[in-house]
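What's in data31.csv: CSV, N, CA and C atoms
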```csv
chain,number,residue,atom,x,y,z
A,1,MET,N,-60.1,266.5,-123.5
A,1,MET,CA,-60.7,267.8,-123.2
A,1,MET,C,-60.3,268.7,-124.4
A,2,PRO,N,-61.4,269.2,-125.1
A,2,PRO,CA,-61.1,270.1,-126.2
A,2,PRO,C,-60.5,271.5,-125.8
A,3,ILE,N,-59.7,272.0,-126.6
A,3,ILE,CA,-59.2,273.3,-126.3
A,3,ILE,C,-59.7,274.4,-127.3
A,4,SER,N,-59.6,275.6,-126.9
A,4,SER,CA,-60.1,276.7,-127.8
A,4,SER,C,-59.2,276.9,-129.0
A,5,GLU,N,-59.8,277.6,-130.0
A,5,GLU,CA,-58.9,277.9,-131.1
A,5,GLU,C,-57.7,278.7,-130.8
A,6,GLU,N,-57.9,279.7,-129.8
A,6,GLU,CA,-56.8,280.5,-129.4
A,6,GLU,C,-55.7,279.7,-128.7
A,7,GLN,N,-56.1,278.7,-127.9
A,7,GLN,CA,-55.1,277.9,-127.2
A,7,GLN,C,-54.4,277.0,-128.2
A,8,GLN,N,-55.2,276.5,-129.2
A,8,GLN,CA,-54.5,275.7,-130.3
A,8,GLN,C,-53.6,276.5,-131.1
A,9,ARG,N,-53.9,277.8,-131.4
A,9,ARG,CA,-53.0,278.6,-132.1
A,9,ARG,C,-51.7,278.8,-131.3
A,10,ILE,N,-51.8,279.1,-130.0
A,10,ILE,CA,-50.7,279.3,-129.2
A,10,ILE,C,-49.8,278.0,-129.1
A,11,LEU,N,-50.4,276.9,-128.9
A,11,LEU,CA,-49.7,275.6,-128.9
A,11,LEU,C,-49.0,275.3,-130.2
A,12,ASN,N,-49.7,275.6,-131.3
A,12,ASN,CA,-49.1,275.4,-132.7
A,12,ASN,C,-47.8,276.3,-132.8
A,13,ALA,N,-48.0,277.6,-132.4
A,13,ALA,CA,-46.8,278.5,-132.5
A,13,ALA,C,-45.6,278.0,-131.7
A,14,ARG,N,-45.9,277.5,-130.5
A,14,ARG,CA,-44.9,277.0,-129.6
A,14,ARG,C,-44.2,275.8,-130.3
A,15,ALA,N,-45.1,274.9,-130.8
A,15,ALA,CA,-44.5,273.7,-131.4
A,15,ALA,C,-43.7,274.0,-132.6
A,16,ASP,N,-44.1,275.0,-133.4
A,16,ASP,CA,-43.3,275.5,-134.5
A,16,ASP,C,-42.0,276.0,-134.1
A,17,ARG,N,-41.9,276.8,-133.1
A,17,ARG,CA,-40.7,277.4,-132.6
A,17,ARG,C,-39.8,276.3,-132.0
A,18,LEU,N,-40.3,275.4,-131.3
A,18,LEU,CA,-39.5,274.3,-130.7
A,18,LEU,C,-39.0,273.4,-131.8
A,19,SER,N,-39.8,273.0,-132.8
A,19,SER,CA,-39.4,272.1,-133.8
A,19,SER,C,-38.3,272.8,-134.7
A,20,SER,N,-38.3,274.1,-134.8
A,20,SER,CA,-37.3,274.8,-135.6
A,20,SER,C,-35.9,274.7,-135.0
A,21,LEU,N,-35.8,274.3,-133.7
A,21,LEU,CA,-34.5,274.1,-133.1
A,21,LEU,C,-33.8,272.9,-133.7
A,22,LEU,N,-34.5,271.9,-134.3
A,22,LEU,CA,-33.9,270.7,-134.8
A,22,LEU,C,-32.9,271.0,-135.9
A,23,SER,N,-33.1,272.0,-136.7
A,23,SER,CA,-32.2,272.3,-137.8
A,23,SER,C,-31.0,273.1,-137.5
A,24,THR,N,-30.8,273.5,-136.2
A,24,THR,CA,-29.7,274.4,-135.9
A,24,THR,C,-28.5,273.6,-135.5
A,25,THR,N,-27.3,274.1,-135.8
A,25,THR,CA,-26.1,273.4,-135.5
A,25,THR,C,-25.9,273.3,-134.0
A,26,GLY,N,-26.3,274.3,-133.2
A,26,GLY,CA,-26.2,274.3,-131.8
A,26,GLY,C,-27.0,273.2,-131.2
A,27,TRP,N,-28.2,273.0,-131.7
A,27,TRP,CA,-29.1,271.9,-131.2
A,27,TRP,C,-28.4,270.5,-131.4
A,28,LYS,N,-27.9,270.4,-132.6
A,28,LYS,CA,-27.2,269.1,-133.0
A,28,LYS,C,-26.1,268.8,-132.0
A,29,GLU,N,-25.3,269.9,-131.7
A,29,GLU,CA,-24.2,269.7,-130.8
A,29,GLU,C,-24.7,269.4,-129.4
A,30,LEU,N,-25.8,270.0,-129.0
A,30,LEU,CA,-26.4,269.7,-127.7
A,30,LEU,C,-26.9,268.2,-127.6
A,31,GLU,N,-27.5,267.7,-128.7
A,31,GLU,CA,-27.9,266.3,-128.7
A,31,GLU,C,-26.7,265.4,-128.6
A,32,ALA,N,-25.6,265.8,-129.3
A,32,ALA,CA,-24.4,264.9,-129.3
A,32,ALA,C,-23.8,264.9,-127.9
A,33,GLU,N,-23.7,266.1,-127.3
A,33,GLU,CA,-23.2,266.2,-125.9
A,33,GLU,C,-24.1,265.4,-124.9
A,34,THR,N,-25.4,265.5,-125.1
A,34,THR,CA,-26.3,264.7,-124.2
A,34,THR,C,-26.0,263.2,-124.4
A,35,ASP,N,-25.9,262.8,-125.6
A,35,ASP,CA,-25.6,261.4,-125.9
A,35,ASP,C,-24.3,261.0,-125.2
A,36,ARG,N,-23.2,261.8,-125.3
A,36,ARG,CA,-22.0,261.5,-124.6
A,36,ARG,C,-22.2,261.4,-123.1
A,37,LYS,N,-22.9,262.3,-122.5
A,37,LYS,CA,-23.2,262.3,-121.1
A,37,LYS,C,-23.9,261.1,-120.7
A,38,ILE,N,-24.9,260.7,-121.4
A,38,ILE,CA,-25.7,259.5,-121.1
A,38,ILE,C,-24.8,258.2,-121.1
A,39,VAL,N,-23.8,258.2,-122.1
A,39,VAL,CA,-22.9,257.0,-122.1
A,39,VAL,C,-22.1,257.0,-120.9
A,40,LYS,N,-21.6,258.2,-120.4
A,40,LYS,CA,-20.8,258.3,-119.2
A,40,LYS,C,-21.6,257.9,-118.0
A,41,LEU,N,-22.8,258.3,-117.9
A,41,LEU,CA,-23.7,258.0,-116.8
A,41,LEU,C,-23.9,256.5,-116.7
A,42,ARG,N,-24.1,255.9,-117.9
A,42,ARG,CA,-24.3,254.4,-117.9
A,42,ARG,C,-23.1,253.6,-117.4
A,43,ARG,N,-21.9,254.2,-117.8
A,43,ARG,CA,-20.7,253.5,-117.3
A,43,ARG,C,-20.6,253.6,-115.8
A,44,VAL,N,-20.9,254.8,-115.3
A,44,VAL,CA,-20.8,255.0,-113.8
A,44,VAL,C,-21.9,254.0,-113.2
A,45,ALA,N,-23.1,253.9,-113.7
A,45,ALA,CA,-24.1,253.1,-113.2
A,45,ALA,C,-23.6,251.6,-113.2
A,46,SER,N,-23.0,251.2,-114.3
A,46,SER,CA,-22.5,249.8,-114.4
A,46,SER,C,-21.5,249.6,-113.3
A,47,ALA,N,-20.6,250.5,-113.1
A,47,ALA,CA,-19.5,250.3,-112.1
A,47,ALA,C,-20.2,250.3,-110.7
A,48,LEU,N,-21.2,251.1,-110.4
A,48,LEU,CA,-21.8,251.1,-109.1
A,48,LEU,C,-22.6,249.8,-108.9
A,49,ALA,N,-23.2,249.3,-109.9
A,49,ALA,CA,-24.0,248.0,-109.8
A,49,ALA,C,-23.1,246.8,-109.6
A,50,LEU,N,-21.9,246.9,-110.1
A,50,LEU,CA,-20.9,245.8,-109.9
A,50,LEU,C,-20.0,245.9,-108.7
A,51,ASP,N,-20.2,246.9,-107.9
A,51,ASP,CA,-19.4,247.1,-106.8
A,51,ASP,C,-19.5,245.9,-105.8
A,52,PRO,N,-18.3,245.3,-105.5
A,52,PRO,CA,-18.4,244.1,-104.6
A,52,PRO,C,-19.0,244.4,-103.2
A,53,ASP,N,-19.0,245.7,-102.8
A,53,ASP,CA,-19.5,246.0,-101.5
A,53,ASP,C,-21.0,246.2,-101.6
A,54,GLY,N,-21.6,246.1,-102.8
A,54,GLY,CA,-23.0,246.3,-103.0
A,54,GLY,C,-23.3,247.7,-103.7
A,55,ALA,N,-24.4,247.7,-104.4
A,55,ALA,CA,-24.8,248.8,-105.2
A,55,ALA,C,-25.4,249.9,-104.3
A,56,ASP,N,-25.1,251.1,-104.5
A,56,ASP,CA,-25.8,252.2,-103.9
A,56,ASP,C,-27.1,252.6,-104.7
A,57,GLN,N,-28.2,252.1,-104.2
A,57,GLN,CA,-29.5,252.2,-105.0
A,57,GLN,C,-29.8,253.6,-105.2
A,58,ARG,N,-29.6,254.5,-104.2
A,58,ARG,CA,-29.9,255.9,-104.3
A,58,ARG,C,-29.1,256.5,-105.5
A,59,LYS,N,-27.9,256.2,-105.6
A,59,LYS,CA,-27.1,256.8,-106.7
A,59,LYS,C,-27.6,256.2,-108.1
A,60,LEU,N,-27.9,254.9,-108.1
A,60,LEU,CA,-28.4,254.3,-109.3
A,60,LEU,C,-29.7,255.0,-109.7
A,61,ASP,N,-30.6,255.2,-108.8
A,61,ASP,CA,-31.9,255.9,-109.1
A,61,ASP,C,-31.7,257.3,-109.6
A,62,THR,N,-30.7,258.0,-109.0
A,62,THR,CA,-30.4,259.4,-109.4
A,62,THR,C,-29.9,259.3,-110.9
A,63,ILE,N,-29.0,258.4,-111.2
A,63,ILE,CA,-28.5,258.3,-112.6
A,63,ILE,C,-29.6,258.0,-113.5
A,64,ARG,N,-30.4,257.0,-113.2
A,64,ARG,CA,-31.6,256.6,-114.0
A,64,ARG,C,-32.5,257.8,-114.3
A,65,GLY,N,-32.8,258.6,-113.2
A,65,GLY,CA,-33.6,259.8,-113.4
A,65,GLY,C,-33.0,260.8,-114.2
A,66,THR,N,-31.7,261.0,-114.1
A,66,THR,CA,-30.9,262.0,-114.9
A,66,THR,C,-31.0,261.6,-116.3
A,67,ILE,N,-30.8,260.3,-116.6
A,67,ILE,CA,-30.8,259.9,-118.0
A,67,ILE,C,-32.2,260.1,-118.6
A,68,ALA,N,-33.2,259.8,-117.8
A,68,ALA,CA,-34.6,260.0,-118.3
A,68,ALA,C,-34.9,261.5,-118.6
A,69,ALA,N,-34.4,262.3,-117.7
A,69,ALA,CA,-34.6,263.8,-117.9
A,69,ALA,C,-33.8,264.3,-119.1
A,70,LEU,N,-32.6,263.8,-119.3
A,70,LEU,CA,-31.9,264.2,-120.5
A,70,LEU,C,-32.6,263.8,-121.8
A,71,ASN,N,-33.0,262.6,-121.8
A,71,ASN,CA,-33.8,262.1,-123.0
A,71,ASN,C,-35.0,262.9,-123.2
A,72,TRP,N,-35.8,263.2,-122.1
A,72,TRP,CA,-37.0,264.0,-122.3
A,72,TRP,C,-36.6,265.4,-122.9
A,73,PHE,N,-35.6,266.0,-122.3
A,73,PHE,CA,-35.2,267.3,-122.7
A,73,PHE,C,-34.9,267.4,-124.2
A,74,VAL,N,-34.0,266.5,-124.7
A,74,VAL,CA,-33.7,266.6,-126.1
A,74,VAL,C,-34.8,266.1,-127.0
A,75,GLY,N,-35.8,265.4,-126.5
A,75,GLY,CA,-36.9,264.9,-127.2
A,75,GLY,C,-38.0,266.0,-127.4
A,76,VAL,N,-38.0,267.1,-126.7
A,76,VAL,CA,-39.1,268.1,-126.7
A,76,VAL,C,-39.3,268.6,-128.2
A,77,PRO,N,-38.2,269.0,-128.9
A,77,PRO,CA,-38.5,269.6,-130.2
A,77,PRO,C,-39.1,268.5,-131.2
A,78,ARG,N,-38.6,267.3,-131.1
A,78,ARG,CA,-39.1,266.2,-132.0
A,78,ARG,C,-40.6,266.0,-131.7
A,79,HIS,N,-40.9,265.9,-130.4
A,79,HIS,CA,-42.3,265.7,-130.0
A,79,HIS,C,-43.2,266.9,-130.4
A,80,ALA,N,-42.6,268.1,-130.3
A,80,ALA,CA,-43.4,269.3,-130.8
A,80,ALA,C,-43.6,269.2,-132.3
A,81,GLN,N,-42.6,268.7,-133.0
A,81,GLN,CA,-42.7,268.6,-134.5
A,81,GLN,C,-43.8,267.6,-134.8
A,82,ALA,N,-43.8,266.4,-134.1
A,82,ALA,CA,-44.8,265.4,-134.4
A,82,ALA,C,-46.2,265.9,-134.0
A,83,THR,N,-46.3,266.7,-132.9
A,83,THR,CA,-47.6,267.2,-132.5
A,83,THR,C,-48.1,268.2,-133.6
A,84,LEU,N,-47.3,269.0,-134.1
A,84,LEU,CA,-47.6,270.0,-135.1
A,84,LEU,C,-48.1,269.3,-136.4
A,85,GLU,N,-47.3,268.3,-136.8
A,85,GLU,CA,-47.6,267.5,-138.0
A,85,GLU,C,-49.0,266.9,-137.9
A,86,LYS,N,-49.3,266.3,-136.7
A,86,LYS,CA,-50.5,265.6,-136.4
A,86,LYS,C,-51.7,266.6,-136.6
A,87,PHE,N,-51.5,267.8,-136.0
A,87,PHE,CA,-52.6,268.8,-136.0
A,87,PHE,C,-52.8,269.2,-137.5
A,88,LEU,N,-51.7,269.5,-138.2
A,88,LEU,CA,-51.8,269.9,-139.6
A,88,LEU,C,-52.6,268.8,-140.4
A,89,ARG,N,-52.2,267.5,-140.2
A,89,ARG,CA,-52.9,266.4,-140.9
A,89,ARG,C,-54.4,266.4,-140.6
A,90,GLU,N,-54.7,266.6,-139.3
A,90,GLU,CA,-56.1,266.7,-138.9
A,90,GLU,C,-56.9,267.8,-139.5
A,91,GLN,N,-56.2,268.9,-139.9
A,91,GLN,CA,-56.8,270.0,-140.5
A,91,GLN,C,-56.8,269.8,-142.1
A,92,GLY,N,-56.3,268.7,-142.5
A,92,GLY,CA,-56.3,268.4,-144.0
A,92,GLY,C,-55.1,269.1,-144.7
A,93,ILE,N,-54.1,269.6,-143.9
A,93,ILE,CA,-52.9,270.2,-144.5
A,93,ILE,C,-51.8,269.2,-144.7
A,94,GLU,N,-51.4,269.1,-145.9
A,94,GLU,CA,-50.3,268.1,-146.2
A,94,GLU,C,-48.9,268.7,-145.8
A,95,VAL,N,-48.1,267.9,-145.2
A,95,VAL,CA,-46.7,268.3,-144.9
A,95,VAL,C,-45.8,267.6,-145.8
A,96,GLU,N,-45.1,268.4,-146.6
A,96,GLU,CA,-44.1,267.8,-147.6
A,96,GLU,C,-42.9,267.2,-146.9
A,97,GLU,N,-42.4,266.1,-147.4
A,97,GLU,CA,-41.2,265.5,-146.8
A,97,GLU,C,-40.0,266.4,-146.9
A,98,GLU,N,-39.9,267.2,-147.9
A,98,GLU,CA,-38.7,268.1,-148.0
A,98,GLU,C,-38.8,269.2,-147.0
A,99,ASP,N,-40.0,269.6,-146.6
A,99,ASP,CA,-40.2,270.5,-145.5
A,99,ASP,C,-39.7,270.0,-144.2
A,100,LEU,N,-39.9,268.7,-144.0
A,100,LEU,CA,-39.5,268.0,-142.8
A,100,LEU,C,-37.9,267.9,-142.8
A,101,GLU,N,-37.4,267.5,-144.0
A,101,GLU,CA,-35.9,267.4,-144.1
A,101,GLU,C,-35.3,268.7,-143.9
A,102,ARG,N,-35.8,269.8,-144.4
A,102,ARG,CA,-35.3,271.1,-144.2
A,102,ARG,C,-35.3,271.5,-142.7
A,103,ALA,N,-36.3,271.0,-142.0
A,103,ALA,CA,-36.4,271.3,-140.6
A,103,ALA,C,-35.5,270.4,-139.7
A,104,GLY,N,-34.9,269.4,-140.4
A,104,GLY,CA,-34.0,268.5,-139.7
A,104,GLY,C,-34.7,267.3,-139.0
A,105,VAL,N,-35.9,267.0,-139.5
A,105,VAL,CA,-36.6,265.9,-138.9
A,105,VAL,C,-36.3,264.7,-139.7
A,106,PRO,N,-35.7,263.6,-139.0
A,106,PRO,CA,-35.3,262.4,-139.7
A,106,PRO,C,-36.6,261.7,-140.2
A,107,GLN,N,-36.5,261.0,-141.3
A,107,GLN,CA,-37.6,260.2,-141.8
A,107,GLN,C,-37.4,258.7,-141.5
```

Take the structure I supplied and represent it as structure tokens, if you would.
Amino acid sequence: MPISEEQQRILNARADRLSSLLSTTGWKELEAETDRKIVKLRRVASALALDPDGADQRKLDTIRGTIAALNWFVGVPRHAQATLEKFLREQGIEVEEEDLERAGVPQ
């Protein structure tokens, strides 16, 4: 479904603001903390799954959903960056690799 120029402008502005988070120290710390939390959740899930009395499927599902939500959350700025780059390429605008590096986008 095509969107209007105004809607595209708004989406591009949001994507630009979200992708700018990638280069901040605070965001890098948040990503690292999220990774640590996911490791802990996986350990808990492993322990639950190996429980001799049987696994609590509800707890395992909650952990799996939490991990998916954390991965989604920290992925938003990278997805926004990719969306913005795609739009710029479609418009014939070249994005320099050094601009991406400056924005903290890994190559």

- May I ask for the distance between CA of Leu48 in chain A and CA of Leu60 in chain A, given in Å to one decimal place?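 Those two atoms sit 7.3 Å apart.
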
- Close residues, range 70-85 of chain A itself excluded, 5 Å, only N, CA and C atoms, min 5 positions apart in chain, as number ranges by chain: A: 15, 18-19

- Message: What does the structure give for the distance between atom N of Thr25 in chain A and atom C of Lys37 in chain A, in Å to one decimal?
- Response: 20.2 Å

- Message: Could you pull out the helix (DSSP H, G or I) residues of chain A, going by DSSP on the backbone, and write them as a VMD selection string?
- Response: chain A and resid 5 to 23 25 to 49 57 to 90 97 to 102

- Message: Please report the interatomic distance between atom N of Gly54 in chain A and atom C of Leu41 in chain A in Å with one decimal.
- Response: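 These atoms are spaced 17.5 Å apart.
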
- From the set A:Ile3, A:Ile38, A:Ala13, A:Ala32, which residue has the shortest atom-to-atom contact distance to Thr66 in chain A, counting only N, CA and C atoms? A:Ile38
